[in-house]
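Undergrad: The following file, entry-v1.cif, comprises mmCIF, C-alpha atoms and all ligand atoms:
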```cif
data_final
loop_
_atom_site.label_atom_id
_atom_site.label_comp_id
_atom_site.auth_asym_id
_atom_site.auth_seq_id
_atom_site.Cartn_x
_atom_site.Cartn_y
_atom_site.Cartn_z
CA MET A 25 64.00 71.20 85.88
CA GLN A 26 64.26 73.37 82.76
CA ILE A 27 67.13 75.77 82.03
CA LYS A 28 64.71 78.20 80.35
CA GLY A 29 63.19 80.54 82.94
CA SER A 30 65.45 79.35 85.78
CA VAL A 31 67.66 81.61 87.89
CA ALA A 32 71.32 80.63 88.18
CA LEU A 33 74.07 82.00 90.38
CA VAL A 34 77.68 81.31 89.39
CA THR A 35 80.61 82.20 91.67
CA GLY A 36 83.85 82.77 89.80
CA GLY A 37 81.47 83.52 86.94
CA ALA A 38 83.66 86.21 85.36
CA SER A 39 86.34 83.87 83.97
CA GLY A 40 87.09 80.39 82.66
CA ILE A 41 84.65 77.59 83.50
CA GLY A 42 82.31 79.94 85.42
CA GLU A 43 82.07 82.33 82.46
CA ALA A 44 81.28 79.42 80.12
CA VAL A 45 78.56 78.20 82.51
CA VAL A 46 77.04 81.68 82.70
CA LYS A 47 76.97 82.02 78.89
CA HIS A 48 75.66 78.51 78.29
CA LEU A 49 72.78 78.98 80.72
CA VAL A 50 71.89 82.42 79.34
CA ARG A 51 71.89 81.10 75.76
CA ASN A 52 69.42 78.46 76.93
CA GLY A 53 67.07 80.96 78.56
CA ALA A 54 68.22 81.25 82.20
CA LYS A 55 68.62 84.50 84.15
CA VAL A 56 72.05 84.67 85.74
CA VAL A 57 73.93 86.26 88.61
CA VAL A 58 77.67 86.61 87.99
CA VAL A 59 79.63 86.66 91.27
CA ASP A 60 83.37 87.33 91.24
CA VAL A 61 86.12 89.34 92.96
CA GLU A 62 87.25 90.86 89.65
CA GLN A 63 85.00 93.80 88.79
CA LYS A 64 86.60 94.37 85.36
CA ASN A 65 85.83 90.80 84.30
CA ILE A 66 82.30 90.98 85.74
CA ASP A 67 81.67 94.07 83.58
CA ARG A 68 82.99 92.30 80.48
CA VAL A 69 80.83 89.21 80.98
CA VAL A 70 77.72 91.24 81.89
CA ASN A 71 78.18 93.37 78.75
CA ASP A 72 78.59 90.26 76.58
CA ILE A 73 75.33 88.86 77.96
CA LYS A 74 73.40 92.10 77.56
CA GLU A 75 74.54 92.25 73.93
CA ILE A 76 72.78 88.94 73.27
CA GLY A 77 69.67 90.14 75.15
CA GLY A 78 70.21 88.01 78.27
CA GLU A 79 69.01 88.87 81.76
CA VAL A 80 71.97 89.25 84.10
CA ILE A 81 73.31 91.03 87.16
CA GLY A 82 76.92 91.16 88.33
CA VAL A 83 77.89 91.22 92.01
CA GLN A 84 81.45 91.84 93.13
CA ALA A 85 82.00 89.65 96.17
CA ASP A 86 84.58 87.54 97.98
CA VAL A 87 83.26 84.02 98.54
CA THR A 88 85.32 83.67 101.73
CA SER A 89 83.19 86.36 103.40
CA GLU A 90 79.94 85.35 105.09
CA ALA A 91 78.63 88.90 104.70
CA ASP A 92 79.40 88.90 100.95
CA THR A 93 77.67 85.54 100.50
CA ALA A 94 74.51 86.84 102.20
CA ARG A 95 74.73 89.95 99.97
CA PHE A 96 74.86 88.08 96.65
CA ILE A 97 72.04 85.73 97.66
CA ASP A 98 69.95 88.78 98.63
CA ALA A 99 70.79 90.48 95.32
CA THR A 100 69.65 87.34 93.46
CA LEU A 101 66.29 87.20 95.24
CA THR A 102 65.74 90.95 94.93
CA SER A 103 66.47 90.96 91.18
CA PHE A 104 64.93 87.67 90.08
CA GLY A 105 62.65 86.54 92.94
CA GLN A 106 64.08 83.02 93.28
CA LEU A 107 67.18 80.87 92.95
CA ASN A 108 67.27 77.52 91.12
CA VAL A 109 70.94 76.75 90.46
CA ALA A 110 74.13 77.63 92.32
CA VAL A 111 77.47 76.71 90.71
CA THR A 112 80.60 77.31 92.82
CA CYS A 113 83.38 77.98 90.31
CA ALA A 114 85.35 80.52 92.42
CA GLY A 115 88.70 78.88 93.02
CA ILE A 116 92.45 79.48 93.14
CA ILE A 117 95.67 77.45 93.13
CA ARG A 118 98.87 78.20 95.10
CA ASP A 119 101.12 75.23 94.32
CA GLY A 120 104.23 74.01 96.11
CA THR A 121 105.51 70.89 97.86
CA MET A 122 105.14 70.78 101.65
CA LEU A 123 108.94 70.64 102.05
CA SER A 124 111.74 71.66 99.70
CA MET A 125 115.28 70.49 100.41
CA ASP A 126 118.58 72.25 100.00
CA LYS A 127 120.54 70.00 97.64
CA GLN A 128 123.87 70.91 99.20
CA THR A 129 123.09 70.62 102.92
CA GLY A 130 120.33 67.98 102.64
CA LYS A 131 118.29 70.06 105.11
CA VAL A 132 114.88 71.64 104.67
CA ALA A 133 115.28 74.88 102.75
CA LYS A 134 111.63 75.87 102.49
CA LYS A 135 108.20 74.87 103.84
CA LEU A 136 104.85 75.40 102.11
CA GLU A 137 103.85 78.84 103.32
CA PHE A 138 100.88 78.94 105.70
CA GLU A 139 99.40 81.70 103.52
CA LYS A 140 99.45 79.36 100.47
CA TRP A 141 97.67 76.67 102.50
CA LYS A 142 95.12 79.01 104.05
CA SER A 143 94.20 81.03 100.95
CA VAL A 144 93.34 77.90 98.94
CA ILE A 145 91.36 76.32 101.79
CA ASP A 146 89.55 79.63 102.37
CA VAL A 147 88.53 80.29 98.75
CA ASP A 148 88.08 76.75 97.42
CA LEU A 149 86.64 74.95 100.46
CA THR A 150 85.14 77.56 102.80
CA GLY A 151 83.91 79.65 99.86
CA THR A 152 82.14 76.60 98.43
CA PHE A 153 80.56 75.79 101.81
CA LEU A 154 79.27 79.34 102.37
CA THR A 155 77.80 79.61 98.88
CA LEU A 156 76.13 76.19 99.00
CA ARG A 157 74.78 76.77 102.51
CA ASP A 158 73.19 80.14 101.75
CA ALA A 159 71.98 79.14 98.28
CA ALA A 160 70.34 76.05 99.81
CA GLU A 161 68.66 78.23 102.44
CA ALA A 162 67.14 80.42 99.71
CA MET A 163 66.00 77.33 97.75
CA ALA A 164 64.56 75.58 100.83
CA ASN A 165 62.63 78.69 101.88
CA GLY A 166 61.54 79.46 98.31
CA GLY A 167 60.26 75.92 97.74
CA GLN A 168 61.09 75.82 94.00
CA ASP A 169 63.28 73.15 92.37
CA GLY A 170 66.95 73.73 93.14
CA LEU A 171 70.34 72.33 92.14
CA LEU A 172 73.66 72.86 93.95
CA VAL A 173 76.79 72.29 91.85
CA PRO A 174 80.05 72.28 93.80
CA ILE A 175 83.13 72.21 91.57
CA SER A 176 85.73 69.66 92.65
CA SER A 177 88.65 68.62 90.42
CA VAL A 178 90.23 65.47 89.07
CA ASN A 179 93.09 66.36 91.43
CA LYS A 180 90.91 65.26 94.34
CA VAL A 181 92.84 61.97 93.98
CA GLY A 182 95.97 63.66 95.32
CA GLN A 183 98.19 65.72 93.01
CA LEU A 184 101.82 66.24 94.03
CA GLY A 185 102.54 69.91 94.72
CA GLN A 186 98.88 70.55 95.50
CA LEU A 187 98.40 69.42 99.11
CA ASN A 188 96.19 72.46 99.73
CA TYR A 189 94.17 72.25 96.49
CA SER A 190 93.77 68.45 96.46
CA SER A 191 92.66 68.48 100.12
CA ALA A 192 90.01 71.11 99.33
CA LYS A 193 88.81 69.33 96.19
CA ALA A 194 88.64 65.91 97.93
CA ALA A 195 86.47 67.47 100.62
CA ILE A 196 84.25 69.10 97.97
CA GLU A 197 83.80 65.74 96.22
CA LEU A 198 82.14 64.43 99.40
CA MET A 199 79.71 67.32 99.73
CA PRO A 200 76.90 66.08 97.45
CA LYS A 201 76.54 62.80 99.39
CA ILE A 202 76.53 64.49 102.79
CA ILE A 203 74.33 67.44 101.81
CA VAL A 204 71.70 65.32 100.05
CA GLY A 205 71.73 62.80 102.91
CA GLU A 206 71.03 65.66 105.29
CA PHE A 207 68.26 66.99 103.03
CA LEU A 208 66.65 63.54 103.18
CA LEU A 209 66.99 63.52 106.97
CA ARG A 210 65.42 66.98 107.25
CA GLY A 211 62.62 66.43 104.76
CA ILE A 212 64.05 68.76 102.09
CA ARG A 213 63.04 67.20 98.75
CA ASN A 214 63.25 70.11 96.29
CA ILE A 215 67.05 70.57 96.18
CA ARG A 216 69.50 68.20 94.46
CA CYS A 217 73.29 68.40 94.65
CA VAL A 218 75.57 67.19 91.84
CA GLY A 219 79.29 67.91 91.96
CA ILE A 220 81.50 68.25 88.89
CA ALA A 221 85.16 67.22 88.91
CA PRO A 222 86.77 68.66 85.78
CA GLY A 223 90.01 67.42 84.32
CA TYR A 224 92.59 69.86 82.92
CA THR A 225 90.51 72.59 81.32
CA GLU A 226 91.62 75.40 79.02
CA THR A 227 91.35 78.45 81.35
CA ALA A 228 93.53 81.13 82.92
CA MET A 229 94.06 78.87 85.95
CA LEU A 230 96.31 76.57 83.91
CA THR A 231 98.55 79.42 82.81
CA ARG A 232 99.47 79.81 86.51
CA MET A 233 100.50 76.14 86.71
CA ASN A 234 103.98 74.67 86.18
CA GLN A 235 103.93 74.32 82.36
CA GLU A 236 106.35 71.36 82.30
CA ALA A 237 104.10 69.47 84.74
CA LEU A 238 101.07 70.32 82.57
CA LYS A 239 102.78 68.94 79.46
CA ALA A 240 103.55 65.70 81.29
CA ILE A 241 99.95 65.39 82.51
CA LEU A 242 98.55 65.95 79.00
CA ALA A 243 100.47 62.88 77.84
CA ASP A 244 98.16 60.87 80.13
CA VAL A 245 94.92 62.33 78.73
CA HIS A 246 93.25 59.84 76.41
CA ILE A 247 91.65 62.43 74.10
CA GLY A 248 95.04 64.19 73.87
CA ARG A 249 93.85 67.72 74.58
CA LEU A 250 92.60 70.03 77.30
CA ILE A 251 88.89 70.04 78.15
CA LYS A 252 87.01 73.09 76.85
CA PRO A 253 85.14 75.17 79.49
CA GLU A 254 82.03 74.87 77.29
CA GLU A 255 82.15 71.07 77.68
CA ILE A 256 81.92 71.49 81.46
CA ALA A 257 79.11 74.05 81.06
CA ASP A 258 77.19 71.69 78.79
CA MET A 259 77.35 68.95 81.47
CA ILE A 260 76.04 71.34 84.14
CA GLY A 261 73.11 72.20 81.87
CA TYR A 262 72.47 68.47 81.48
CA CYS A 263 72.55 68.00 85.27
CA MET A 264 69.77 70.56 85.53
CA THR A 265 67.46 68.69 83.18
CA ASN A 266 68.20 65.10 84.25
CA THR A 267 66.68 65.04 87.72
CA ALA A 268 67.80 61.46 88.38
CA LEU A 269 71.32 62.86 88.91
CA ASP A 270 71.76 63.56 92.61
CA ALA A 271 74.19 63.08 95.53
CA THR A 272 77.17 62.34 93.28
CA THR A 273 80.25 63.97 91.73
CA ILE A 274 80.78 63.50 88.01
CA GLU A 275 84.28 63.49 86.47
CA ILE A 276 84.87 65.08 83.06
CA THR A 277 88.53 64.45 82.31
CA GLY A 278 88.91 63.44 78.67
CA GLY A 279 90.15 60.10 79.97
CA LEU A 280 92.93 61.22 82.31
CA CYS A 281 94.40 57.92 83.46
CA TYR A 282 97.32 58.96 85.68
CA PRO A 283 99.64 56.05 84.95
CA ARG A 284 102.43 58.04 86.67
CA GLY A 285 103.15 61.02 88.89
CA VAL A 286 100.32 60.89 91.37
CA ALA A 287 100.06 59.85 95.01
CA LYS A 288 97.14 57.53 95.50
N1 LIG B 301 91.00 74.83 84.77
C1 LIG B 301 91.12 73.57 85.20
O1 LIG B 301 91.89 72.78 84.64
C2 LIG B 301 90.31 73.08 86.36
C3 LIG B 301 90.31 71.71 86.61
C4 LIG B 301 89.57 71.21 87.67
C5 LIG B 301 88.84 72.07 88.47
N2 LIG B 301 88.85 73.41 88.19
C6 LIG B 301 88.07 74.27 89.08
O2 LIG B 301 87.13 75.00 88.31
C7 LIG B 301 86.85 76.24 88.96
C8 LIG B 301 87.04 77.37 87.96
O3 LIG B 301 88.40 77.41 87.57
P1 LIG B 301 88.90 78.08 86.21
O4 LIG B 301 89.85 77.16 85.60
O5 LIG B 301 87.74 78.58 85.43
O6 LIG B 301 89.76 79.29 86.81
P2 LIG B 301 89.72 80.86 86.55
O7 LIG B 301 90.91 81.39 87.28
O8 LIG B 301 89.57 81.16 85.11
O9 LIG B 301 88.37 81.31 87.29
C9 LIG B 301 88.27 81.37 88.68
C10 LIG B 301 87.45 82.61 89.03
O10 LIG B 301 87.27 82.65 90.46
C11 LIG B 301 87.38 84.00 90.86
N3 LIG B 301 87.73 84.07 92.27
C12 LIG B 301 88.93 83.76 92.84
N4 LIG B 301 88.88 83.98 94.16
C13 LIG B 301 87.63 84.43 94.44
C14 LIG B 301 86.97 84.84 95.62
N5 LIG B 301 87.60 84.82 96.81
N6 LIG B 301 85.67 85.24 95.54
C15 LIG B 301 85.02 85.27 94.35
N7 LIG B 301 85.61 84.90 93.19
C16 LIG B 301 86.89 84.49 93.23
C17 LIG B 301 88.48 84.57 89.97
O11 LIG B 301 88.46 85.99 89.95
C18 LIG B 301 88.14 83.93 88.64
O12 LIG B 301 87.25 84.74 87.90
C19 LIG B 301 87.81 76.31 90.15
O13 LIG B 301 87.14 75.90 91.32
C20 LIG B 301 88.87 75.31 89.80
O14 LIG B 301 89.50 74.77 90.95
C21 LIG B 301 89.57 73.93 87.16
#
```
The structure in this file should be written as structure tokens.
Ligand SMILES: NC(=O)c1ccc[n+]([C@@H]2O[C@H](COP(=O)([O-])OP(=O)(O)OC[C@H]3O[C@@H](n4cnc5c(N)ncnc54)[C@H](O)[C@@H]3O)[C@@H](O)[C@H]2O)c1
TA:
Amino acid sequence: MQIKGSVALVTGGASGIGEAVVKHLVRNGAKVVVVDVEQKNIDRVVNDIKEIGGEVIGVQADVTSEADTARFIDATLTSFGQLNVAVTCAGIIRDGTMLSMDKQTGKVAKKLEFEKWKSVIDVDLTGTFLTLRDAAEAMANGGQDGLLVPISSVNKVGQLGQLNYSSAKAAIELMPKIIVGEFLLRGIRNIRCVGIAPGYTETAMLTRMNQEALKAILADVHIGRLIKPEEIADMIGYCMTNTALDATTIEITGGLCYPRGVAK
């Protein structure tokens, strides 16, 4: 599979890792579809790409909606005639421990809000499922080479304060094995699935995290810095061209070793 001439769809493509993936693939000759909820950011990324002469469309959509998913797959096929790569970067965090105690009374003062649980499961897990399912349908019917790239996280191992997020990302880590196994069962040979589990990466998502906790985590990162979104994008480009990669999830963490502070 070559990047040049391929058609890529990136959810959450208007910010952070998704934006870096979009720009990396365009620079290497792909046509791209930028899917995001944030219209202003879609416009910015689409303009950036047009300035360098890239072929791009932007589609405002919510990945939790089945109707929206069908709409952005349709828009891809209408504009570019096929789909080769789908990268599911749309994601959110809503952190908090399941229970918080009142120090004075020793009783439960607060529970993780249902809305915090549900919104993360909806966007991160259900959104990934809907995008992969409908992208795979387009690839299976189109018959061209395809690659599905679900984005998990290093926090799939179980990060404190992220019961919702870690649960979603652990489930996403399993997807490549199950999906490719099913493809084998159903005689679908043209679509691979390779997940990516990034470590702590320099994007807007981290600015919404507890900054003290982030500082402590960075002390456990071997390379001593955050991952750059471009480093994740580069790996996704590599996954396109190395067709032996399949049915697995690759970690890119800069050597995050978690000697403390994680439930395993
Ligand atoms: N930044 C990190 O350290 C890190 C680490 C591991 C995994 N990840 C994962 O990488 C992916 C990208 O994260 P990021 O750091 O670039 O964050 P980001 O906040 O910069 O980008 C996420 C994008 O998703 C979009 N989005 C949110 N909800 C959406 C919805 N319902 N429908 C469509 N788009 C929606 C946002 O508008 C945003 O543009 C996420 O899945 C995240 O969980 C990030």
Undergrad: Rank nothing, just name the residue among A:Leu242, A:Ala194, A:Val59, A:Ala99 nearest to ligand LIG 301 (chain B), using only C-alpha atoms and all ligand atoms.
TA: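 Nearest candidate to ligand LIG 301 (chain B) out of A:Leu242, A:Ala194, A:Val59, A:Ala99: A:Val59.
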Undergrad: Which of these, A:Ser124, A:Ser89, A:Thr231, A:Ser190, has the shortest distance to Asp158 (chain A) once you count only C-alpha atoms?
TA: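 Counting only C-alpha atoms, the residue closest to Asp158 (chain A) is A:Ser89.
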Undergrad: Wanna dump the chain A-ligand LIG 301 (chain B) contacts at 8 Å for me, each residue with its shortest atom pair and the distance in Å to one decimal, counting all atoms listed in the file, ordered by chain and number, as a tab-separated table?
TA:
```
residue	atom	partner	partner_atom	distance
A:Thr35	CA	B:LIG301	N7	5.9
A:Gly36	CA	B:LIG301	O10	3.5
A:Gly37	CA	B:LIG301	O12	6.0
A:Ala38	CA	B:LIG301	O12	4.6
A:Ser39	CA	B:LIG301	O12	4.1
A:Gly40	CA	B:LIG301	O5	3.4
A:Ile41	CA	B:LIG301	O5	3.8
A:Gly42	CA	B:LIG301	O5	5.6
A:Glu43	CA	B:LIG301	O5	7.4
A:Val59	CA	B:LIG301	C15	6.4
A:Asp60	CA	B:LIG301	N7	3.8
A:Val61	CA	B:LIG301	C15	4.4
A:Glu62	CA	B:LIG301	O11	5.0
A:Asn65	CA	B:LIG301	O12	7.2
A:Gln84	CA	B:LIG301	C15	7.6
A:Ala85	CA	B:LIG301	C15	5.6
A:Asp86	CA	B:LIG301	N6	3.5
A:Val87	CA	B:LIG301	N6	4.0
A:Thr88	CA	B:LIG301	N5	5.5
A:Thr112	CA	B:LIG301	O13	6.9
A:Cys113	CA	B:LIG301	C7	4.1
A:Ala114	CA	B:LIG301	O10	3.5
A:Gly115	CA	B:LIG301	O13	3.8
A:Ile116	CA	B:LIG301	C12	5.5
A:Ile117	CA	B:LIG301	O14	7.1
A:Asp146	CA	B:LIG301	N5	7.9
A:Val147	CA	B:LIG301	N5	5.0
A:Asp148	CA	B:LIG301	O13	6.2
A:Gly151	CA	B:LIG301	N5	7.0
A:Ile175	CA	B:LIG301	O13	5.5
A:Ser176	CA	B:LIG301	C5	5.7
A:Ser177	CA	B:LIG301	C4	3.9
A:Val178	CA	B:LIG301	C4	5.9
A:Asn179	CA	B:LIG301	C4	7.1
A:Tyr189	CA	B:LIG301	O14	7.7
A:Lys193	CA	B:LIG301	O14	7.6
A:Ala221	CA	B:LIG301	C4	6.1
A:Pro222	CA	B:LIG301	C4	4.2
A:Gly223	CA	B:LIG301	C3	4.9
A:Tyr224	CA	B:LIG301	O1	3.5
A:Thr225	CA	B:LIG301	O1	3.6
A:Glu226	CA	B:LIG301	N1	5.8
A:Thr227	CA	B:LIG301	O4	4.7
A:Ala228	CA	B:LIG301	O8	4.5
A:Met229	CA	B:LIG301	O7	4.2
A:Leu230	CA	B:LIG301	N1	5.7
A:Leu250	CA	B:LIG301	O1	7.9
A:Ile251	CA	B:LIG301	O1	7.7
A:Pro253	CA	B:LIG301	O5	7.3
```
Undergrad: So, counting all atoms listed in the file, which residue among A:Ala192, A:Cys217, A:Ala162, A:Leu107 is closest to Gly29 (chain A)?
TA: A:Leu107
Undergrad: Counting all atoms listed in the file, find the residues whose atoms lie at most 8 Å from (92.4, 58.8, 80.0) (file coordinates) and write them out as a PDB file with C-alpha atoms, keeping the file's coordinate frame.
TA:
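For reference, selection_13.pdb as written:
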```
ATOM      1  CA  ASP A 244      98.160  60.870  80.130  1.00  0.00           C
ATOM      2  CA  VAL A 245      94.920  62.330  78.730  1.00  0.00           C
ATOM      3  CA  HIS A 246      93.250  59.840  76.410  1.00  0.00           C
ATOM      4  CA  ILE A 247      91.650  62.430  74.100  1.00  0.00           C
ATOM      5  CA  THR A 277      88.530  64.450  82.310  1.00  0.00           C
ATOM      6  CA  GLY A 278      88.910  63.440  78.670  1.00  0.00           C
ATOM      7  CA  GLY A 279      90.150  60.100  79.970  1.00  0.00           C
ATOM      8  CA  LEU A 280      92.930  61.220  82.310  1.00  0.00           C
ATOM      9  CA  CYS A 281      94.400  57.920  83.460  1.00  0.00           C
ATOM     10  CA  TYR A 282      97.320  58.960  85.680  1.00  0.00           C
TER      11      TYR A 282
END
```
Undergrad: Need the neighbours of (60.0, 79.6, 96.5): which residues are at most 12 Å away, counting only C-alpha atoms, as a VMD selection string?
TA: chain A and resid 31 101 104 to 108 160 to 170 214 to 215
Undergrad: Which one is closest to Leu198 (chain A): A:Arg216, A:Lys180, A:Lys252, A:Arg232? Count only C-alpha atoms.
TA: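 Residue with the minimum atom-to-atom distance to Leu198 (chain A): A:Lys180.
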Undergrad: In Å to one decimal, how far is CA of Val57 (chain A) from CA of Val83 (chain A)?
TA: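 Value for the CA of Val83 (chain A)-CA of Val57 (chain A) distance: 7.2 Å.
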Undergrad: Could you tell me how far CA of Asn71 (chain A) sits from CA of Met25 (chain A), in Å to one decimal place?
TA: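 Atom-to-atom, CA of Met25 (chain A) and CA of Asn71 (chain A) are spaced 27.3 Å apart.
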Undergrad: Using all atoms listed in the file, pick whichever of A:Lys28, A:Arg157, A:Lys142, A:Arg118 has the shortest atom-to-atom distance to Thr265 (chain A).
TA: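 Result for the nearest residue to Thr265 (chain A): A:Lys28.
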Undergrad: Quick one, how far is CA of Gly53 (chain A) from CA of Ile97 (chain A)?
TA: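 Spanning CA of Gly53 (chain A) to CA of Ile97 (chain A) is a straight-line distance of 20.3 Å.
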Undergrad: Find the residue from A:Lys140, A:Lys239, A:Arg210, A:Lys201 that sits nearest to Asn188 (chain A); use all atoms listed in the file when measuring.
TA: A:Lys140
Undergrad: Report as a PDB file with C-alpha atoms, in the coordinates of the input all protein, DNA and RNA residues lying within 6 Å of Ala32 (chain A), evaluated on only C-alpha atoms, omitting residues in the same chain fewer than 3 positions from it.
TA:
```pdb
ATOM      1  CA  VAL A  56      72.050  84.670  85.740  1.00  0.00           C
ATOM      2  CA  ASN A 108      67.270  77.520  91.120  1.00  0.00           C
ATOM      3  CA  VAL A 109      70.940  76.750  90.460  1.00  0.00           C
ATOM      4  CA  ALA A 110      74.130  77.630  92.320  1.00  0.00           C
TER       5      ALA A 110
END
```
Undergrad: Contacts of Pro200 (chain A) at 10 Å or less, counting all atoms listed in the file, minus same-chain residues fewer than 5 places along, as a list in words?
TA: Leu172, Val173, Pro174, Gly205, Glu206, Arg216, Cys217, Val218, Gly219, Ile220, Asp270, Ala271, Thr272 and Thr273 of chain A
